[in-house]
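S.K.: Got input-v8.cif for you, mmCIF, C-alpha atoms and all ligand atoms:
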```cif
data_upload
loop_
_atom_site.label_atom_id
_atom_site.label_comp_id
_atom_site.auth_asym_id
_atom_site.auth_seq_id
_atom_site.Cartn_x
_atom_site.Cartn_y
_atom_site.Cartn_z
CA MET M 27 0.00 0.00 0.00
CA THR M 28 1.32 3.50 -0.78
CA PRO M 29 1.91 5.51 2.36
CA ILE M 30 -0.55 8.30 3.17
CA ARG M 31 2.34 10.79 3.05
CA ASN M 32 5.67 10.34 1.36
CA LYS M 33 9.16 11.12 2.69
CA GLU M 34 9.13 14.64 1.22
CA ASN M 35 6.02 15.71 3.12
CA PHE M 36 6.58 13.71 6.31
CA LEU M 37 4.49 15.32 9.06
CA VAL M 38 7.08 16.30 11.67
CA PHE M 39 5.77 15.78 15.22
CA GLY M 40 5.44 19.06 17.11
CA SER M 41 6.60 21.22 14.23
CA PRO M 42 6.11 24.87 15.28
CA LEU M 43 4.17 27.51 13.38
CA ILE M 44 6.60 30.37 12.68
CA GLU M 45 5.04 33.40 11.01
CA GLU M 46 6.42 36.48 9.18
CA ALA M 47 6.40 38.65 12.32
CA GLU M 48 8.88 36.31 14.06
CA ILE M 49 11.10 36.19 10.97
CA ASP M 50 11.09 40.00 10.64
CA GLU M 51 11.84 40.41 14.37
CA VAL M 52 14.76 37.98 14.25
CA VAL M 53 16.18 39.84 11.25
CA ALA M 54 15.68 43.20 13.02
CA CYS M 55 17.42 41.76 16.08
CA LEU M 56 20.34 40.53 13.97
CA LYS M 57 20.68 43.98 12.41
CA SER M 58 20.40 45.76 15.76
CA ALA M 59 23.93 44.84 16.94
CA TRP M 60 22.40 43.38 20.14
CA ILE M 61 21.60 39.70 19.87
CA GLY M 62 22.40 38.62 23.44
CA THR M 63 20.30 39.26 26.56
CA GLY M 64 18.79 42.71 26.17
CA PRO M 65 15.62 44.69 25.53
CA ARG M 66 13.74 41.95 23.66
CA VAL M 67 14.24 39.56 26.59
CA ALA M 68 12.97 42.26 28.97
CA GLN M 69 9.92 42.73 26.72
CA PHE M 70 9.23 38.99 26.58
CA GLU M 71 9.47 38.74 30.38
CA ALA M 72 7.03 41.62 30.82
CA ASP M 73 4.61 40.19 28.23
CA PHE M 74 4.73 36.72 29.75
CA ALA M 75 4.20 38.05 33.29
CA ALA M 76 1.22 40.07 32.00
CA TYR M 77 -0.21 36.99 30.25
CA LYS M 78 0.05 35.00 33.48
CA GLY M 79 -1.30 37.92 35.53
CA THR M 80 1.75 38.15 37.78
CA GLY M 81 4.33 40.84 38.34
CA HIS M 82 7.47 38.79 37.93
CA ALA M 83 9.05 36.53 35.33
CA VAL M 84 12.64 35.63 34.46
CA ALA M 85 13.53 34.34 31.00
CA LEU M 86 16.17 31.59 30.81
CA ASN M 87 17.55 29.34 28.09
CA SER M 88 15.38 26.32 29.00
CA CYS M 89 12.77 24.93 31.35
CA THR M 90 15.46 22.59 32.65
CA ALA M 91 17.44 25.68 33.73
CA ALA M 92 14.26 27.16 35.22
CA LEU M 93 13.66 24.02 37.30
CA HIS M 94 17.30 23.82 38.39
CA LEU M 95 17.48 27.45 39.52
CA SER M 96 14.05 27.31 41.21
CA LEU M 97 15.15 24.31 43.24
CA LEU M 98 18.35 26.15 44.22
CA ALA M 99 16.49 29.36 45.05
CA ALA M 100 14.04 27.31 47.15
CA ASP M 101 17.01 26.73 49.49
CA LEU M 102 16.02 23.18 50.43
CA GLY M 103 18.97 22.54 52.73
CA PRO M 104 21.11 19.38 53.04
CA ASP M 105 19.78 15.85 52.35
CA ALA M 106 16.51 17.19 50.97
CA GLU M 107 14.02 14.89 49.28
CA VAL M 108 11.83 16.25 46.50
CA VAL M 109 8.69 14.40 45.42
CA THR M 110 7.80 14.32 41.73
CA THR M 111 6.04 12.18 39.12
CA PRO M 112 7.45 9.14 37.32
CA LEU M 113 5.55 10.19 34.18
CA THR M 114 7.66 13.10 33.03
CA PHE M 115 10.59 14.07 30.87
CA CYS M 116 13.95 13.20 32.42
CA ALA M 117 14.73 16.93 32.82
CA THR M 118 12.33 17.18 35.79
CA VAL M 119 14.18 14.51 37.74
CA ASN M 120 17.65 15.55 36.56
CA ALA M 121 17.06 19.13 37.75
CA ILE M 122 16.29 17.80 41.24
CA ILE M 123 19.52 15.78 41.20
CA HIS M 124 21.57 18.72 39.88
CA ALA M 125 20.18 20.87 42.70
CA GLY M 126 21.74 18.40 45.15
CA ALA M 127 18.46 16.86 46.32
CA VAL M 128 17.17 13.29 46.18
CA PRO M 129 14.21 12.71 43.85
CA VAL M 130 11.35 10.62 45.24
CA LEU M 131 8.64 9.38 42.89
CA ALA M 132 4.90 9.28 43.59
CA ASP M 133 2.79 7.38 41.06
CA VAL M 134 0.20 9.04 38.83
CA ASP M 135 -3.57 8.81 38.77
CA PRO M 136 -4.34 6.57 35.78
CA ALA M 137 -7.20 8.78 34.57
CA THR M 138 -5.51 12.19 34.69
CA MET M 139 -1.93 10.91 34.25
CA ASN M 140 -0.95 13.55 36.85
CA ILE M 141 0.79 12.91 40.16
CA ASP M 142 -1.68 11.44 42.67
CA PRO M 143 -1.87 13.52 45.88
CA ASN M 144 -2.49 10.36 47.96
CA GLU M 145 0.75 8.92 46.58
CA ILE M 146 2.60 12.16 47.43
CA GLU M 147 1.36 11.91 51.00
CA ARG M 148 2.55 8.30 51.19
CA ARG M 149 6.08 9.27 50.09
CA ILE M 150 6.63 12.10 52.57
CA THR M 151 9.42 11.61 55.12
CA PRO M 152 11.05 13.95 57.65
CA ARG M 153 13.51 14.89 54.85
CA THR M 154 10.89 15.93 52.29
CA ARG M 155 11.32 19.61 51.41
CA ALA M 156 9.50 20.15 48.11
CA ILE M 157 7.03 18.84 45.55
CA VAL M 158 7.49 19.22 41.78
CA PRO M 159 4.09 18.54 40.15
CA VAL M 160 4.03 18.34 36.34
CA HIS M 161 0.85 19.49 34.60
CA PHE M 162 1.04 16.55 32.23
CA ALA M 163 -0.01 17.16 28.60
CA GLY M 164 -1.42 20.50 29.71
CA ARG M 165 -3.96 19.06 32.21
CA SER M 166 -3.83 20.80 35.57
CA CYS M 167 -2.73 18.80 38.59
CA ASP M 168 -5.02 18.77 41.62
CA MET M 169 -3.54 21.97 43.02
CA ASP M 170 -5.90 22.25 46.02
CA ALA M 171 -4.75 18.87 47.30
CA ILE M 172 -1.07 19.51 46.47
CA MET M 173 -0.99 22.96 48.10
CA ASP M 174 -2.77 21.52 51.14
CA ILE M 175 -0.08 18.83 51.52
CA ALA M 176 2.61 21.50 51.06
CA ARG M 177 1.08 23.71 53.75
CA ARG M 178 0.68 20.86 56.24
CA HIS M 179 4.26 19.62 55.75
CA ASN M 180 5.87 23.01 55.14
CA LEU M 181 7.07 22.11 51.64
CA LYS M 182 8.03 24.30 48.70
CA VAL M 183 6.12 23.74 45.45
CA ILE M 184 7.84 24.13 42.09
CA GLU M 185 5.37 23.62 39.24
CA ASP M 186 6.73 22.06 36.05
CA CYS M 187 4.59 23.89 33.49
CA ALA M 188 6.53 22.77 30.40
CA HIS M 189 3.20 21.61 28.86
CA ALA M 190 1.00 24.14 30.61
CA ILE M 191 1.37 27.72 29.38
CA GLU M 192 -2.41 28.14 28.98
CA THR M 193 -3.48 25.82 31.82
CA GLU M 194 -5.80 27.07 34.55
CA TYR M 195 -7.20 25.58 37.73
CA LYS M 196 -10.24 27.05 39.50
CA GLY M 197 -9.56 30.48 38.05
CA GLY M 198 -5.83 30.50 38.86
CA LYS M 199 -3.11 30.11 36.24
CA ALA M 200 -0.62 27.25 36.18
CA GLY M 201 2.71 28.36 37.55
CA THR M 202 1.19 30.82 40.04
CA PHE M 203 0.09 28.32 42.72
CA GLY M 204 3.49 27.19 43.93
CA ASP M 205 6.54 29.15 45.01
CA PHE M 206 7.89 28.83 41.45
CA GLY M 207 6.44 27.98 38.03
CA CYS M 208 8.72 26.80 35.21
CA PHE M 209 7.86 26.99 31.49
CA SER M 210 9.44 25.69 28.29
CA PHE M 211 9.64 27.26 24.85
CA TYR M 212 11.37 24.27 23.28
CA VAL M 213 10.59 23.71 19.57
CA THR M 214 7.61 21.42 20.14
CA LYS M 215 5.97 23.53 22.85
CA ASN M 216 2.89 25.76 22.58
CA VAL M 217 5.05 28.92 22.41
CA VAL M 218 8.52 28.43 20.93
CA THR M 219 11.82 30.29 21.01
CA GLY M 220 13.94 27.37 19.71
CA GLU M 221 15.33 26.69 23.16
CA GLY M 222 14.00 28.77 26.02
CA GLY M 223 12.36 28.84 29.41
CA MET M 224 10.70 31.16 31.91
CA VAL M 225 10.29 31.16 35.69
CA LEU M 226 7.56 32.79 37.70
CA ALA M 227 8.10 33.27 41.41
CA LYS M 228 5.74 34.48 44.11
CA ARG M 229 8.32 36.46 46.05
CA GLU M 230 10.20 39.42 44.57
CA GLU M 231 13.42 38.41 46.34
CA ASP M 232 13.28 35.01 44.60
CA ILE M 233 13.05 36.76 41.23
CA ALA M 234 16.11 38.86 42.05
CA HIS M 235 17.95 35.72 43.16
CA LEU M 236 16.99 33.81 39.99
CA LYS M 237 18.36 36.65 37.83
CA VAL M 238 21.69 36.52 39.64
CA LEU M 239 21.85 32.71 39.56
CA GLY M 240 21.03 32.67 35.84
CA LEU M 241 24.01 34.83 34.84
CA HIS M 242 27.12 33.49 36.59
CA GLY M 243 26.10 34.88 39.98
CA MET M 244 26.87 38.40 38.76
CA SER M 245 25.19 41.28 40.55
CA LYS M 246 21.85 42.63 39.38
CA ASP M 247 21.30 43.70 35.76
CA ALA M 248 24.78 42.69 34.68
CA TRP M 249 23.54 42.45 31.09
CA LYS M 250 23.30 46.22 30.99
CA ARG M 251 27.05 46.54 31.42
CA PHE M 252 27.72 47.06 27.69
CA GLY M 253 24.87 49.52 27.16
CA ASP M 254 25.04 53.26 26.49
CA GLN M 255 24.23 54.27 30.08
CA GLY M 256 27.85 54.50 31.16
CA PHE M 257 30.14 51.58 31.93
CA LYS M 258 28.92 49.43 34.79
CA HIS M 259 31.13 47.24 36.94
CA TYR M 260 29.65 44.00 38.18
CA GLN M 261 30.44 41.86 41.17
CA VAL M 262 30.14 38.09 41.45
CA VAL M 263 28.06 37.51 44.54
CA GLU M 264 27.63 33.73 44.25
CA CYS M 265 28.58 30.84 41.96
CA GLY M 266 25.86 30.98 39.29
CA PHE M 267 25.17 29.48 35.88
CA LYS M 268 25.10 30.58 32.22
CA TYR M 269 21.37 30.16 31.72
CA ASN M 270 20.30 33.50 30.21
CA MET M 271 17.96 33.80 27.24
CA MET M 272 19.15 35.77 24.18
CA ASP M 273 17.27 38.57 22.41
CA LEU M 274 17.41 36.40 19.30
CA GLN M 275 15.25 33.83 21.10
CA ALA M 276 12.96 36.44 22.66
CA ALA M 277 12.44 37.89 19.15
CA LEU M 278 10.51 34.70 18.40
CA GLY M 279 8.81 34.58 21.79
CA VAL M 280 7.26 38.04 21.80
CA HIS M 281 5.32 37.31 18.59
CA GLN M 282 4.52 33.69 19.43
CA LEU M 283 3.03 34.84 22.74
CA LYS M 284 0.70 37.28 20.96
CA ARG M 285 -0.86 34.26 19.22
CA VAL M 286 -0.92 31.91 22.21
CA GLU M 287 -4.72 32.02 22.49
CA ALA M 288 -5.32 31.72 18.73
CA TYR M 289 -3.04 28.67 18.62
CA TRP M 290 -4.82 27.23 21.64
CA GLN M 291 -8.14 27.55 19.76
CA LYS M 292 -6.65 25.70 16.78
CA ARG M 293 -5.47 22.86 19.00
CA VAL M 294 -8.91 22.63 20.67
CA GLN M 295 -10.42 22.05 17.22
CA ILE M 296 -7.87 19.37 16.34
CA TRP M 297 -8.39 17.73 19.75
CA ASP M 298 -12.18 17.64 19.23
CA ARG M 299 -11.77 16.11 15.76
CA TYR M 300 -9.51 13.38 17.15
CA VAL M 301 -11.91 12.65 20.02
CA ALA M 302 -14.80 12.26 17.56
CA ALA M 303 -12.82 10.26 15.00
CA PHE M 304 -11.49 7.74 17.54
CA SER M 305 -14.61 7.42 19.69
CA ASN M 306 -15.46 3.91 18.44
CA LEU M 307 -11.91 2.53 18.46
CA PRO M 308 -10.72 0.15 21.20
CA VAL M 309 -8.12 2.66 22.45
CA ARG M 310 -8.15 4.95 25.46
CA ARG M 311 -8.47 8.62 24.60
CA PRO M 312 -7.62 11.45 27.03
CA SER M 313 -10.07 11.75 29.94
CA PRO M 314 -12.57 14.60 29.74
CA VAL M 315 -11.25 17.90 31.06
CA GLU M 316 -12.12 18.40 34.75
CA ALA M 317 -14.75 21.03 35.56
CA GLY M 318 -13.26 24.35 36.64
CA THR M 319 -10.00 23.75 34.80
CA ARG M 320 -8.54 24.77 31.47
CA HIS M 321 -6.43 22.27 29.55
CA ALA M 322 -3.51 23.55 27.46
CA TYR M 323 -4.05 20.76 24.87
CA HIS M 324 -0.31 20.30 24.49
CA LEU M 325 -0.34 16.53 23.91
CA PHE M 326 -3.10 14.31 22.53
CA THR M 327 -2.37 10.76 23.63
CA LEU M 328 -3.90 7.40 22.80
CA LEU M 329 -3.27 4.34 24.96
CA ILE M 330 -2.78 1.22 22.86
CA ASP M 331 -3.55 -1.87 24.92
CA GLU M 332 -2.52 -4.82 22.76
CA THR M 333 -5.03 -7.11 24.44
CA ARG M 334 -7.84 -4.85 23.16
CA THR M 335 -6.45 -3.63 19.85
CA GLY M 336 -4.61 -6.73 18.69
CA VAL M 337 -1.66 -4.51 17.74
CA SER M 338 1.27 -3.49 19.89
CA ARG M 339 2.08 0.09 20.82
CA ASP M 340 5.45 -0.13 19.10
CA GLY M 341 3.80 -1.68 16.03
CA PHE M 342 1.49 1.33 15.97
CA LEU M 343 4.42 3.77 16.26
CA ASN M 344 6.13 2.04 13.33
CA HIS M 345 2.93 2.06 11.27
CA MET M 346 2.38 5.80 11.79
CA THR M 347 5.97 6.60 10.89
CA ALA M 348 5.76 4.42 7.78
CA GLN M 349 2.61 6.36 6.81
CA GLY M 350 4.59 9.59 6.99
CA ILE M 351 3.15 10.77 10.33
CA GLY M 352 5.55 11.72 13.14
CA VAL M 353 4.44 10.50 16.57
CA GLY M 354 5.81 10.80 20.11
CA VAL M 355 6.02 8.81 23.35
CA HIS M 356 5.43 10.89 26.48
CA TYR M 357 6.93 9.16 28.38
CA LEU M 358 8.50 5.86 29.12
CA SER M 359 8.22 6.05 32.92
CA ILE M 360 11.30 7.35 34.73
CA PRO M 361 12.04 4.06 36.56
CA GLU M 362 12.36 2.28 33.18
CA HIS M 363 15.69 4.06 32.58
CA PRO M 364 18.91 2.34 33.65
CA TYR M 365 20.54 5.39 35.22
CA TYR M 366 17.73 5.85 37.74
CA GLN M 367 17.43 2.12 38.43
CA LYS M 368 21.16 1.98 39.16
CA THR M 369 21.33 5.18 41.20
CA PHE M 370 18.12 5.02 43.23
CA GLY M 371 17.19 1.33 43.04
CA TRP M 372 13.81 2.24 41.54
CA LYS M 373 11.72 -0.57 40.13
CA ARG M 374 9.25 0.11 37.36
CA GLU M 375 6.64 -2.15 39.00
CA ASP M 376 6.56 0.11 42.06
CA PHE M 377 4.90 2.78 39.90
CA PRO M 378 2.42 0.61 38.01
CA ASN M 379 0.22 3.38 36.61
CA ALA M 380 3.12 5.33 35.11
CA MET M 381 4.66 2.09 33.83
CA GLN M 382 1.47 1.03 32.07
CA ILE M 383 0.89 4.45 30.51
CA GLY M 384 4.53 4.65 29.40
CA ARG M 385 4.24 1.29 27.66
CA GLN M 386 0.92 2.04 25.93
CA THR M 387 1.04 5.74 25.12
CA VAL M 388 1.37 7.41 21.74
CA SER M 389 1.17 11.17 21.15
CA LEU M 390 -0.37 12.31 17.86
CA PRO M 391 0.57 15.62 16.17
CA ILE M 392 -1.50 18.54 17.53
CA SER M 393 0.49 21.65 16.64
CA ALA M 394 -1.26 24.82 15.44
CA LYS M 395 0.67 24.36 12.20
CA LEU M 396 -1.48 21.38 11.13
CA THR M 397 -3.78 22.01 8.18
CA ASP M 398 -7.18 20.37 7.78
CA SER M 399 -5.70 17.85 5.41
CA ASP M 400 -2.84 17.08 7.85
CA VAL M 401 -5.44 16.26 10.50
CA CYS M 402 -7.33 14.07 7.99
CA ASP M 403 -4.08 12.23 7.22
CA VAL M 404 -3.45 11.54 10.91
CA ILE M 405 -7.00 10.24 11.36
CA ARG M 406 -6.74 8.05 8.24
CA ALA M 407 -3.41 6.62 9.38
CA VAL M 408 -4.83 5.73 12.82
CA THR M 409 -8.06 4.23 11.52
CA HIS M 410 -6.22 2.18 8.86
CA PHE M 411 -4.39 0.36 11.57
CA ILE M 412 -6.86 0.21 14.44
CA THR M 413 -10.40 -0.79 13.61
CA PRO M 414 -13.59 -0.69 15.68
CA LYS M 415 -14.20 -3.87 17.66
C1 LIG O 501 7.54 17.92 31.49
C2 LIG O 501 8.80 18.58 31.03
N1 LIG O 501 9.61 19.16 31.92
C3 LIG O 501 10.75 19.79 31.54
C4 LIG O 501 11.12 19.86 30.23
C5 LIG O 501 12.40 20.53 29.86
O1 LIG O 501 12.17 21.63 29.02
P1 LIG O 501 13.36 22.28 28.21
O2 LIG O 501 13.61 21.45 26.99
O3 LIG O 501 12.88 23.66 27.88
O4 LIG O 501 14.55 22.31 29.10
C6 LIG O 501 10.31 19.28 29.25
C7 LIG O 501 10.70 19.35 27.84
O5 LIG O 501 10.28 18.63 26.98
C8 LIG O 501 9.13 18.62 29.66
O6 LIG O 501 8.31 18.05 28.75
#
```
Just dump the structure as structure tokens.
M.R.:
Amino acid sequence: MTPIRNKENFLVFGSPLIEEAEIDEVVACLKSAWIGTGPRVAQFEADFAAYKGTGHAVALNSCTAALHLSLLAADLGPDAEVVTTPLTFCATVNAIIHAGAVPVLADVDPATMNIDPNEIERRITPRTRAIVPVHFAGRSCDMDAIMDIARRHNLKVIEDCAHAIETEYKGGKAGTFGDFGCFSFYVTKNVVTGEGGMVLAKREEDIAHLKVLGLHGMSKDAWKRFGDQGFKHYQVVECGFKYNMMDLQAALGVHQLKRVEAYWQKRVQIWDRYVAAFSNLPVRRPSPVEAGTRHAYHLFTLLIDETRTGVSRDGFLNHMTAQGIGVGVHYLSIPEHPYYQKTFGWKREDFPNAMQIGRQTVSLPISAKLTDSDVCDVIRAVTHFITPK
């Protein structure tokens, strides 16, 4: 059978929609003689803070950097344990390790795929200092329950909002519940800057600290030192990192952010078409969105249970790729990886919900760049392989 799409028009998973305004801004930035951290980054920070309805945001070069610095700024102290989900990208767990803390996993709720507050409670010890919930796929975690646990045990909360720019929970915006909220603008995300990240923090002093930590530990506003306001000396006040965002990246971000809601609308439409098209297939579709919350519709996942479909998840991945449709796996659960097994003695079976999801999940393309006919191609490719039972 001829594939639905050939090699030349392979549908790249998560391909971003870059429009003329971004291209013009990048060119203007290149011609401006200031491509490093400067006024466009400051603009992007202000715009993002305004979008999230908070006063403070710090742009960095990734969400991984945002998580790392938030965990450092949270000042967790020695021998700290930090509870997070086994169903996440490795960056979440690695950031905890890089911050000098010990990651502790709490399994997910099988319906929401988000960390289960009862499991968090079960994993708390006298050394627990923080929780890192991940708003998986753009679905809000149960923030009432998580913030209640944090209050009762005096824990910091650092929200991993890599999937959750547009997510809301009971009227509040993702990233504004905890002490810190960390966002990603990686190429596949809902707003892209190539590589890029942003941190929100509740306390102004944390914002100031994050800025210092993100640029070598140099004193405040060190990026202004080459400007036209007179030469400025800087002082190194602690041992920081090189995590700053460039104006070249922010040039993309400022225009992408203007379209964040329009892109969200496009993804809602694609999501609804997938839900309708796959309603009679023997696969699990995403659970309905919880009342009082807003989903960011970052990932649309199907769970392929071989005992129901007669085809394996990996067979399905191969079929989609052969049909010219890029797909993703979000994620093989963290305890499936050898490094974590070796270092922490984690067993995949101890987190059965994350393990099962990780072995059955497939993410279909849902970027705002998809055309109507792209969406039709995805639906055709799925329904060729999996038939109603
Ligand atoms: C849940 C989650 N956390 C953190 C990250 C890291 O983001 P970045 O690539 O911007 O460092 C990602 C990126 O894919 C992610 O999906």
S.K.: What are the closest atom pairs, with distances in Å to one decimal, for each residue of chain M lying within 10 Å of ligand LIG 501 (chain O), using all atoms listed in the file, rows by chain and rising residue number, as a tab-separated table?
M.R.:
```
residue	atom	partner	partner_atom	distance
M:Leu86	CA	O:LIG501	O3	9.1
M:Asn87	CA	O:LIG501	O3	7.4
M:Ser88	CA	O:LIG501	O3	3.8
M:Cys89	CA	O:LIG501	O3	3.7
M:Thr90	CA	O:LIG501	O4	3.7
M:Ala91	CA	O:LIG501	O4	6.4
M:Ala92	CA	O:LIG501	O4	7.8
M:Leu93	CA	O:LIG501	C3	7.7
M:His94	CA	O:LIG501	O4	9.8
M:Thr111	CA	O:LIG501	C1	9.7
M:Leu113	CA	O:LIG501	C1	8.4
M:Thr114	CA	O:LIG501	C1	5.1
M:Phe115	CA	O:LIG501	C2	4.9
M:Cys116	CA	O:LIG501	C3	7.4
M:Ala117	CA	O:LIG501	C3	5.1
M:Thr118	CA	O:LIG501	N1	5.1
M:Val119	CA	O:LIG501	N1	8.7
M:Asn120	CA	O:LIG501	C3	9.5
M:Ala121	CA	O:LIG501	C3	8.9
M:Pro159	CA	O:LIG501	C1	9.3
M:Val160	CA	O:LIG501	C1	6.0
M:His161	CA	O:LIG501	C1	7.5
M:Phe162	CA	O:LIG501	C1	6.7
M:Ala163	CA	O:LIG501	C1	8.1
M:Gly164	CA	O:LIG501	C1	9.5
M:Glu185	CA	O:LIG501	N1	9.6
M:Asp186	CA	O:LIG501	N1	5.8
M:Cys187	CA	O:LIG501	C1	7.0
M:Ala188	CA	O:LIG501	C2	4.8
M:His189	CA	O:LIG501	O6	6.2
M:Ala190	CA	O:LIG501	C1	9.1
M:Cys208	CA	O:LIG501	C3	8.2
M:Phe209	CA	O:LIG501	O3	7.0
M:Ser210	CA	O:LIG501	O3	4.0
M:Phe211	CA	O:LIG501	O3	5.7
M:Tyr212	CA	O:LIG501	O3	4.9
M:Val213	CA	O:LIG501	O2	8.3
M:Thr214	CA	O:LIG501	O5	7.9
M:Lys215	CA	O:LIG501	O5	7.7
M:Val218	CA	O:LIG501	O3	9.5
M:Thr219	CA	O:LIG501	O3	9.6
M:Gly220	CA	O:LIG501	O3	9.0
M:Glu221	CA	O:LIG501	O3	6.1
M:Gly222	CA	O:LIG501	O3	5.6
M:Gly223	CA	O:LIG501	O3	5.4
M:Met224	CA	O:LIG501	O3	8.8
M:His324	CA	O:LIG501	O6	9.9
M:His356	CA	O:LIG501	O6	8.0
M:Tyr357	CA	O:LIG501	O6	9.0
```
S.K.: Can you write just those residues out, C-alpha atoms, as a PDB file, in the coordinates of the input?
M.R.:
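Result file follows (selection_31.pdb):
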```
ATOM      1  CA  LEU M  86      16.170  31.590  30.810  1.00  0.00           C
ATOM      2  CA  ASN M  87      17.550  29.340  28.090  1.00  0.00           C
ATOM      3  CA  SER M  88      15.380  26.320  29.000  1.00  0.00           C
ATOM      4  CA  CYS M  89      12.770  24.930  31.350  1.00  0.00           C
ATOM      5  CA  THR M  90      15.460  22.590  32.650  1.00  0.00           C
ATOM      6  CA  ALA M  91      17.440  25.680  33.730  1.00  0.00           C
ATOM      7  CA  ALA M  92      14.260  27.160  35.220  1.00  0.00           C
ATOM      8  CA  LEU M  93      13.660  24.020  37.300  1.00  0.00           C
ATOM      9  CA  HIS M  94      17.300  23.820  38.390  1.00  0.00           C
ATOM     10  CA  THR M 111       6.040  12.180  39.120  1.00  0.00           C
ATOM     11  CA  LEU M 113       5.550  10.190  34.180  1.00  0.00           C
ATOM     12  CA  THR M 114       7.660  13.100  33.030  1.00  0.00           C
ATOM     13  CA  PHE M 115      10.590  14.070  30.870  1.00  0.00           C
ATOM     14  CA  CYS M 116      13.950  13.200  32.420  1.00  0.00           C
ATOM     15  CA  ALA M 117      14.730  16.930  32.820  1.00  0.00           C
ATOM     16  CA  THR M 118      12.330  17.180  35.790  1.00  0.00           C
ATOM     17  CA  VAL M 119      14.180  14.510  37.740  1.00  0.00           C
ATOM     18  CA  ASN M 120      17.650  15.550  36.560  1.00  0.00           C
ATOM     19  CA  ALA M 121      17.060  19.130  37.750  1.00  0.00           C
ATOM     20  CA  PRO M 159       4.090  18.540  40.150  1.00  0.00           C
ATOM     21  CA  VAL M 160       4.030  18.340  36.340  1.00  0.00           C
ATOM     22  CA  HIS M 161       0.850  19.490  34.600  1.00  0.00           C
ATOM     23  CA  PHE M 162       1.040  16.550  32.230  1.00  0.00           C
ATOM     24  CA  ALA M 163      -0.010  17.160  28.600  1.00  0.00           C
ATOM     25  CA  GLY M 164      -1.420  20.500  29.710  1.00  0.00           C
ATOM     26  CA  GLU M 185       5.370  23.620  39.240  1.00  0.00           C
ATOM     27  CA  ASP M 186       6.730  22.060  36.050  1.00  0.00           C
ATOM     28  CA  CYS M 187       4.590  23.890  33.490  1.00  0.00           C
ATOM     29  CA  ALA M 188       6.530  22.770  30.400  1.00  0.00           C
ATOM     30  CA  HIS M 189       3.200  21.610  28.860  1.00  0.00           C
ATOM     31  CA  ALA M 190       1.000  24.140  30.610  1.00  0.00           C
ATOM     32  CA  CYS M 208       8.720  26.800  35.210  1.00  0.00           C
ATOM     33  CA  PHE M 209       7.860  26.990  31.490  1.00  0.00           C
ATOM     34  CA  SER M 210       9.440  25.690  28.290  1.00  0.00           C
ATOM     35  CA  PHE M 211       9.640  27.260  24.850  1.00  0.00           C
ATOM     36  CA  TYR M 212      11.370  24.270  23.280  1.00  0.00           C
ATOM     37  CA  VAL M 213      10.590  23.710  19.570  1.00  0.00           C
ATOM     38  CA  THR M 214       7.610  21.420  20.140  1.00  0.00           C
ATOM     39  CA  LYS M 215       5.970  23.530  22.850  1.00  0.00           C
ATOM     40  CA  VAL M 218       8.520  28.430  20.930  1.00  0.00           C
ATOM     41  CA  THR M 219      11.820  30.290  21.010  1.00  0.00           C
ATOM     42  CA  GLY M 220      13.940  27.370  19.710  1.00  0.00           C
ATOM     43  CA  GLU M 221      15.330  26.690  23.160  1.00  0.00           C
ATOM     44  CA  GLY M 222      14.000  28.770  26.020  1.00  0.00           C
ATOM     45  CA  GLY M 223      12.360  28.840  29.410  1.00  0.00           C
ATOM     46  CA  MET M 224      10.700  31.160  31.910  1.00  0.00           C
ATOM     47  CA  HIS M 324      -0.310  20.300  24.490  1.00  0.00           C
ATOM     48  CA  HIS M 356       5.430  10.890  26.480  1.00  0.00           C
ATOM     49  CA  TYR M 357       6.930   9.160  28.380  1.00  0.00           C
TER      50      TYR M 357
END
```
S.K.: Which residue, M:Lys268, M:Lys258, M:Lys284, M:His82, has the smallest gap to Ala47 of chain M when you use only C-alpha atoms?
M.R.: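 That would be M:Lys284, the residue with the smallest distance to Ala47 of chain M.
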S.K.: Let me make sure I understand: among M:Gly279, M:Gly336, M:Pro364, M:Pro314, which one has the smallest atom-to-atom distance to Val52 of chain M if we use only C-alpha atoms?
M.R.: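 Using only C-alpha atoms, the shortest distance to Val52 of chain M belongs to M:Gly279.
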S.K.: Identify which of the residues M:Val286, M:Ala348, M:Val238, M:Ala137 lies closest to Pro312 of chain M, counting only C-alpha atoms when measuring atom-to-atom distances.
M.R.: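 Residue with the minimum atom-to-atom distance to Pro312 of chain M: M:Ala137.
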S.K.: What does the structure give for the distance between atom CA of Glu192 of chain M and atom CA of Ala322 of chain M, in Å to one decimal?
M.R.: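 One can read the atom CA of Glu192 of chain M to atom CA of Ala322 of chain M distance as 5.0 Å.
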S.K.: Looking at all atoms listed in the file, which of M:Gly240, M:Gly201, M:Pro112, M:Pro152 is the one that sits closest to Glu362 of chain M?
M.R.: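 With all atoms listed in the file as the atom set, the closest residue is M:Pro112.
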S.K.: Could you check which of M:Ile30, M:Val67, M:Val38, M:Ala288 is closest to Ala83 of chain M, using only C-alpha atoms?
M.R.: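 That would be M:Val67, the residue with the smallest distance to Ala83 of chain M.
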S.K.: Which of these residues is nearest to Ala200 of chain M, using all atoms listed in the file: M:Arg31, M:Arg374, M:Lys395, M:Arg320?
M.R.: M:Arg320
S.K.: Can you pull out the residues contacting Ala68 of chain M? Cut-off 12 Å, using all atoms listed in the file, and skip same-chain residues under 3 positions away; I want them as an NGL selection string.
M.R.: :M and (62-65 or 71-75 or 82-86 or 224 or 237 or 247 or 249-250 or 270-273 or 275-277 or 279-280)
S.K.: List the spatial neighbours of Lys182 of chain M as a VMD selection string - criterion: any atom at most 9 Å away, only C-alpha atoms, same-chain residues fewer than 4 positions off excluded.
M.R.: chain M and resid 97 100 102 155 to 158 176 to 177 204 to 206
